[in-house]
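**Q** Handing you a structure now.
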Amino acid sequence: MAIGETIRNSQIWKSIFRHPMPLDRRNRIVVMLTNFFLHLHPVSIKKQGIALSFTWCMGGVTFFLFLVETVTGVLLMFYYRPTLEWAYNDILALRDVTSLGILRELHRWGAHAMVITTWLHMYRVFLTGSYKPPREFNWVIGVILLLLTLLLSFTGYLLPWDQLAIWAITVGSNMARATPILGYEGPGQQLLTIGGIDMITDASDARFGLLGARFVGEETLNRFYVLHCIAIPLAVALLLAIHFWRVRKDGGISGPL
Amino acid sequence: MADKKKMSVAEVLAAARAQKAGSSPESDPAATAPAAVSEPAEAVPTDASPAADTPAAKPAGKATPKPAAKPSGGAGGRPSVAEIMALARAKSAGESQESTAKPAAPKPVPAAKPAAEKPAAKQTAKPAPKPAVARDTASILAAARAGAKPGPVSKSDAPPRPVAKKPVIEKASVEQAPAKAAAAVPPKPLKPAAKKGAEAEEDRRGFLEIALGSFMAMGFTALSVTGGLFSLGLARFFFPNVLAEPPSRFKVGFKEGFPVGKVETKFVAQYGVWVVNSDVGGQQQIYALKTVCTHLGCTPNWLEAEQKFKCPCHGSGFYKDGVNFEGPAPRPLERYAIRLSDDGQLEVDKSRSFQEELGQWADPECYITV
């Protein structure tokens, strides 16, 4: 087709797509190596890597859900304000009057699904012994990722600011005040008394640092918003990168020991 | 001629070691004058007579690098391994000629042995400044380059200063050793000893020397200190210093507004307190109960019909005086401080709590007698 040829030979096209179409083996390899997104994948993988009955692909599904959550989360941020005045009403608005407001439900269902698939992934890794040396530390990273996923769920739960949210976070964070040494109602709290002054009080203990106040209020809402949208996702992204890197370096997914 | 056969690197080096054992005394002049021209041995590898003459001109058994063969050595550059080997082979070729001509020549013994002609004769012209103890390949080659201009070497990698060994000892040992030296495996160098000697010469670096020893070190030290301080500051950052809370002290009205038996619930939403007028242990009191269930922190409801506080979360039940009697609550509800203010109104102070199980309800600051 002449028009196709013209376009493909134009400077604009060539500046974007530097290599020929990946229609033969050589060009497919070239694209895998030179494309920013594709180069994160190996050029070829072993056949066992896609044996679904062995891998279950739950790790991949979890990562996919993480991407879904990120995208839907960013979109929700356009219509949500983390203040006492607006939080609850914005969620109602997303549900009732916003076009494609189903995104809020997708975000919520995706969160539930992500926790489930994380669990299934860990179960599969355990069943196939993929935590054995030299993969032990990758399991540790995975456990940290699990904790971060649960924290994402915890912090996100508060954001609709309904009764369920407030009380769930109140009860959950009340556990923090029983932390040993760092909680003002925990054992060893008086160990950090300096010169007769209590260092750990209800306004300076671990629970206070988590909530940003002495009870669940507007400060907590803002703090959990930042944690949920920026801080914890960044930590998860970093650990995910290391997690995948280690899988590659240890011989690819489901490689034999 | 047979000596045309190229020697392997191993043979060459073996011969060099043996050579060095017998020639270290004479090595110094050669070391300092690597550029000295001795004979173009390589030019006449197969000619016996010229070779016979040239060795005589050489220092006894000493191989001096030929300028042609080793221009870099003399010119101040570093001789490559190939050049060293070539030089050695040429040397051995020349020496093998000489040995046939002068069997009794005071040559290094290796050269005298026909069987070991080639490897024996060879020498790498490395009068090692180091003691003869070190005979491994690396030191031999290093010695070859010793006279040449050294390449860039970082302080941490620089070899320790060599310890001079007395040549006399070498000479004595040489007489016996050469007999089988050529074919024999050279004695293993006493590396640990050499190393220990070297280390003892340097002082161990103290912590501050390491941390501030160079600009780079100072930079990294500053970076780590800054990073540490920043982390501490960051931890403090997460604890706000100013809180926006409703005032902890507030007035709730006059005593008359609380008839006997009343549980006032209109302050629950805003202040989280019930103001109760009830008989406690024979005494009629007005007190303020905290609306926080002692189980996990939910807000119980006052059930007027059943005259009890009931928590909707897990079913904890409390009597009108706040004592727990059913459900998972482990202890009674807490009281706030309450007092009669100047204008006669009751004033609740949330900043002070009183727990019954600690006997604090006896404190007159937590109730008003009616």
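Chains: A, B, ... in order of the structure tokens. Residues: from 1 per chain. Ligands: from 1, in order shown.
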Listing only residues of chain A within 10 Å of chain B, what is the closest atom pair and its distance in Å (to one decimal) for each, using only C-alpha atoms, sorted by chain and residue number ascending, as JSON lines?

**A**
```
{"residue": "A:Ile166", "atom": "CA", "partner": "B:Cys298", "partner_atom": "CA", "distance": 9.9}
{"residue": "A:Trp167", "atom": "CA", "partner": "B:Cys298", "partner_atom": "CA", "distance": 6.9}
{"residue": "A:Ala168", "atom": "CA", "partner": "B:Cys298", "partner_atom": "CA", "distance": 9.5}
{"residue": "A:Thr170", "atom": "CA", "partner": "B:Gly297", "partner_atom": "CA", "distance": 7.1}
{"residue": "A:Val171", "atom": "CA", "partner": "B:Leu296", "partner_atom": "CA", "distance": 5.7}
{"residue": "A:Gly172", "atom": "CA", "partner": "B:Leu296", "partner_atom": "CA", "distance": 8.7}
{"residue": "A:Ser173", "atom": "CA", "partner": "B:Leu296", "partner_atom": "CA", "distance": 9.8}
{"residue": "A:Asn174", "atom": "CA", "partner": "B:Leu296", "partner_atom": "CA", "distance": 7.1}
{"residue": "A:Met175", "atom": "CA", "partner": "B:Leu296", "partner_atom": "CA", "distance": 8.4}
{"residue": "A:Ala203", "atom": "CA", "partner": "B:Phe239", "partner_atom": "CA", "distance": 8.4}
{"residue": "A:Ser204", "atom": "CA", "partner": "B:Phe239", "partner_atom": "CA", "distance": 6.9}
{"residue": "A:Asp205", "atom": "CA", "partner": "B:Phe239", "partner_atom": "CA", "distance": 8.8}
{"residue": "A:Ala206", "atom": "CA", "partner": "B:Phe239", "partner_atom": "CA", "distance": 9.3}
{"residue": "A:Phe208", "atom": "CA", "partner": "B:Phe239", "partner_atom": "CA", "distance": 7.1}
{"residue": "A:Gly209", "atom": "CA", "partner": "B:Phe239", "partner_atom": "CA", "distance": 5.3}
{"residue": "A:Leu210", "atom": "CA", "partner": "B:Phe238", "partner_atom": "CA", "distance": 8.2}
{"residue": "A:Leu211", "atom": "CA", "partner": "B:Phe239", "partner_atom": "CA", "distance": 9.3}
{"residue": "A:Gly212", "atom": "CA", "partner": "B:Pro240", "partner_atom": "CA", "distance": 6.4}
{"residue": "A:Ala213", "atom": "CA", "partner": "B:Leu243", "partner_atom": "CA", "distance": 6.7}
{"residue": "A:Arg214", "atom": "CA", "partner": "B:Leu243", "partner_atom": "CA", "distance": 8.6}
{"residue": "A:Phe215", "atom": "CA", "partner": "B:Glu245", "partner_atom": "CA", "distance": 9.5}
{"residue": "A:Gly217", "atom": "CA", "partner": "B:Glu245", "partner_atom": "CA", "distance": 9.3}
{"residue": "A:Glu218", "atom": "CA", "partner": "B:Ala244", "partner_atom": "CA", "distance": 9.2}
{"residue": "A:Glu219", "atom": "CA", "partner": "B:Leu243", "partner_atom": "CA", "distance": 8.8}
{"residue": "A:Arg223", "atom": "CA", "partner": "B:Phe238", "partner_atom": "CA", "distance": 9.7}
```

**Q** Write out, as a PDB file, in the first residue's frame, the residues just selected, with N, CA and C atoms.

**A**
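Written out: out_29.pdb:
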```pdb
ATOM      1  N   ILE A 166     -14.865   4.584  59.676  1.00  0.00           N
ATOM      2  CA  ILE A 166     -14.372   5.221  60.899  1.00  0.00           C
ATOM      3  C   ILE A 166     -14.156   4.200  62.004  1.00  0.00           C
ATOM      4  N   TRP A 167     -15.126   3.344  62.181  1.00  0.00           N
ATOM      5  CA  TRP A 167     -14.998   2.404  63.298  1.00  0.00           C
ATOM      6  C   TRP A 167     -13.983   1.319  63.019  1.00  0.00           C
ATOM      7  N   ALA A 168     -13.898   0.893  61.784  1.00  0.00           N
ATOM      8  CA  ALA A 168     -12.886  -0.111  61.474  1.00  0.00           C
ATOM      9  C   ALA A 168     -11.493   0.439  61.767  1.00  0.00           C
ATOM     10  N   THR A 170     -10.778   2.995  63.755  1.00  0.00           N
ATOM     11  CA  THR A 170     -10.656   3.243  65.194  1.00  0.00           C
ATOM     12  C   THR A 170     -10.247   1.974  65.922  1.00  0.00           C
ATOM     13  N   VAL A 171     -10.989   0.913  65.660  1.00  0.00           N
ATOM     14  CA  VAL A 171     -10.690  -0.345  66.336  1.00  0.00           C
ATOM     15  C   VAL A 171      -9.318  -0.853  65.926  1.00  0.00           C
ATOM     16  N   GLY A 172      -9.021  -0.779  64.634  1.00  0.00           N
ATOM     17  CA  GLY A 172      -7.729  -1.278  64.176  1.00  0.00           C
ATOM     18  C   GLY A 172      -6.575  -0.493  64.749  1.00  0.00           C
ATOM     19  N   SER A 173      -6.714   0.819  64.793  1.00  0.00           N
ATOM     20  CA  SER A 173      -5.607   1.616  65.303  1.00  0.00           C
ATOM     21  C   SER A 173      -5.523   1.561  66.815  1.00  0.00           C
ATOM     22  N   ASN A 174      -6.614   1.227  67.477  1.00  0.00           N
ATOM     23  CA  ASN A 174      -6.529   1.077  68.926  1.00  0.00           C
ATOM     24  C   ASN A 174      -5.589  -0.035  69.323  1.00  0.00           C
ATOM     25  N   MET A 175      -5.378  -0.953  68.423  1.00  0.00           N
ATOM     26  CA  MET A 175      -4.405  -2.006  68.724  1.00  0.00           C
ATOM     27  C   MET A 175      -3.017  -1.402  68.852  1.00  0.00           C
ATOM     28  N   ALA A 203      -0.469  11.293  73.091  1.00  0.00           N
ATOM     29  CA  ALA A 203      -0.162  12.264  72.047  1.00  0.00           C
ATOM     30  C   ALA A 203       1.263  12.105  71.534  1.00  0.00           C
ATOM     31  N   SER A 204       1.899  10.983  71.795  1.00  0.00           N
ATOM     32  CA  SER A 204       3.257  10.813  71.294  1.00  0.00           C
ATOM     33  C   SER A 204       3.616   9.344  71.101  1.00  0.00           C
ATOM     34  N   ASP A 205       2.628   8.461  70.993  1.00  0.00           N
ATOM     35  CA  ASP A 205       2.988   7.054  70.841  1.00  0.00           C
ATOM     36  C   ASP A 205       2.800   6.618  69.393  1.00  0.00           C
ATOM     37  N   ALA A 206       2.961   5.327  69.164  1.00  0.00           N
ATOM     38  CA  ALA A 206       2.894   4.803  67.797  1.00  0.00           C
ATOM     39  C   ALA A 206       1.529   5.064  67.165  1.00  0.00           C
ATOM     40  N   PHE A 208      -0.467   7.499  67.800  1.00  0.00           N
ATOM     41  CA  PHE A 208      -0.540   8.926  67.457  1.00  0.00           C
ATOM     42  C   PHE A 208       0.180   9.195  66.136  1.00  0.00           C
ATOM     43  N   GLY A 209       1.337   8.558  65.948  1.00  0.00           N
ATOM     44  CA  GLY A 209       2.065   8.758  64.707  1.00  0.00           C
ATOM     45  C   GLY A 209       1.292   8.225  63.519  1.00  0.00           C
ATOM     46  N   LEU A 210       0.560   7.125  63.742  1.00  0.00           N
ATOM     47  CA  LEU A 210      -0.213   6.546  62.649  1.00  0.00           C
ATOM     48  C   LEU A 210      -1.413   7.413  62.306  1.00  0.00           C
ATOM     49  N   LEU A 211      -2.137   7.890  63.338  1.00  0.00           N
ATOM     50  CA  LEU A 211      -3.366   8.633  63.088  1.00  0.00           C
ATOM     51  C   LEU A 211      -3.125  10.108  62.831  1.00  0.00           C
ATOM     52  N   GLY A 212      -2.002  10.632  63.374  1.00  0.00           N
ATOM     53  CA  GLY A 212      -1.783  12.063  63.229  1.00  0.00           C
ATOM     54  C   GLY A 212      -2.619  12.868  64.187  1.00  0.00           C
ATOM     55  N   ALA A 213      -3.298  12.214  65.111  1.00  0.00           N
ATOM     56  CA  ALA A 213      -4.124  12.908  66.101  1.00  0.00           C
ATOM     57  C   ALA A 213      -4.441  11.909  67.199  1.00  0.00           C
ATOM     58  N   ARG A 214      -5.231  12.346  68.191  1.00  0.00           N
ATOM     59  CA  ARG A 214      -5.531  11.402  69.279  1.00  0.00           C
ATOM     60  C   ARG A 214      -6.731  10.532  68.974  1.00  0.00           C
ATOM     61  N   PHE A 215      -7.459  10.874  67.933  1.00  0.00           N
ATOM     62  CA  PHE A 215      -8.580  10.042  67.538  1.00  0.00           C
ATOM     63  C   PHE A 215      -8.685  10.132  66.024  1.00  0.00           C
ATOM     64  N   GLY A 217      -9.744  11.431  62.897  1.00  0.00           N
ATOM     65  CA  GLY A 217     -10.396  12.663  62.475  1.00  0.00           C
ATOM     66  C   GLY A 217      -9.856  13.113  61.136  1.00  0.00           C
ATOM     67  N   GLU A 218      -9.908  14.406  60.898  1.00  0.00           N
ATOM     68  CA  GLU A 218      -9.517  14.906  59.589  1.00  0.00           C
ATOM     69  C   GLU A 218      -8.033  14.705  59.318  1.00  0.00           C
ATOM     70  N   GLU A 219      -7.234  14.823  60.357  1.00  0.00           N
ATOM     71  CA  GLU A 219      -5.793  14.600  60.136  1.00  0.00           C
ATOM     72  C   GLU A 219      -5.542  13.174  59.689  1.00  0.00           C
ATOM     73  N   ARG A 223      -3.790  11.883  56.278  1.00  0.00           N
ATOM     74  CA  ARG A 223      -2.599  11.053  56.395  1.00  0.00           C
ATOM     75  C   ARG A 223      -2.780   9.728  55.670  1.00  0.00           C
TER      76      ARG A 223
END
```

**Q** So that I can check the surroundings of Tyr131 (chain A), please list as a PyMOL selection string every protein, DNA and RNA residue that reaches within 12 Å of it, counting only C-alpha atoms and ignoring chain neighbours fewer than 3 positions away.

**A** chain A and resi 121-128+134-143+246-247+250+253-257

**Q** With DSSP run on the backbone, what are the strand (DSSP E or B) residues within region 8-256 of chain A? I'd like them as a short mmCIF file (atom, residue, chain, number, x, y, z; two decimals) with N, CA and C atoms, in the first residue's frame.

**A**
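To be explicit, this is the file written out as part-v7.cif:
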```
data_model
loop_
_atom_site.label_atom_id
_atom_site.label_comp_id
_atom_site.auth_asym_id
_atom_site.auth_seq_id
_atom_site.Cartn_x
_atom_site.Cartn_y
_atom_site.Cartn_z
N THR A 193 10.58 6.83 80.05
CA THR A 193 10.32 8.03 80.84
C THR A 193 11.65 8.67 81.15
N ILE A 194 11.84 9.87 80.71
CA ILE A 194 13.11 10.55 80.89
C ILE A 194 12.92 11.73 81.84
N ILE A 197 9.46 12.73 82.88
CA ILE A 197 8.49 13.11 81.85
C ILE A 197 8.23 11.88 80.97
N ASP A 198 6.98 11.55 80.81
CA ASP A 198 6.62 10.43 79.95
C ASP A 198 6.86 10.79 78.48
#
```

**Q** In Å to one decimal, how far is CA of Phe254 (chain B) from CA of Gln355 (chain B)?

**A**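 Distance between the two atoms: 25.0 Å.
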
**Q** Pick from A:Trp161, A:Pro233, A:Phe244, A:Leu152: nearest to Glu85 (chain A), with only C-alpha atoms counted?

**A**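 The shortest atom-to-atom distance to Glu85 (chain A) comes from A:Trp161.
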
**Q** Give me the residues within 7 Å of region 107-112 of chain A as a list in words, counting only C-alpha atoms and dropping any in the same chain fewer than 6 places off.

**A** Leu65, Glu69, Thr72, Gly73 and Ser153 of chain A

**Q** Could you pull the residues within 9 Å of Thr118 (chain A), counting only C-alpha atoms, minus those fewer than 2 positions along the same chain, as a list in words?

**A**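 Final neighbour list, sorted by chain and number: Met58, Gly59, Val61, Thr62, Ala113, Met114, Val115, Ile116, Leu120, His121, Met122, Tyr123, Leu146 and Thr149 of chain A.
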
**Q** What does the distance between CA of Gln11 (chain A) and CA of Leu38 (chain A) come to in Å, to one decimal place?

**A**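 Spanning CA of Gln11 (chain A) to CA of Leu38 (chain A) is a straight-line distance of 23.1 Å.
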
**Q** For region 280-291 of chain B, list every protein, DNA or RNA residue within 10 Å, evaluated using only C-alpha atoms, and leave out those in the same chain fewer than 2 positions away; present the list as a PyMOL selection string.

**A** chain B and resi 255+258-265+267-269+271-278+293-294+297-302+309+311+320-322+332-339+346-350+353-354+361+365-370

**Q** When you draw a straight line from CA of Val292 (chain B) to CA of Leu227 (chain A), how long is it in Å?

**A**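 Atom-to-atom, CA of Val292 (chain B) and CA of Leu227 (chain A) are spaced 27.3 Å apart.
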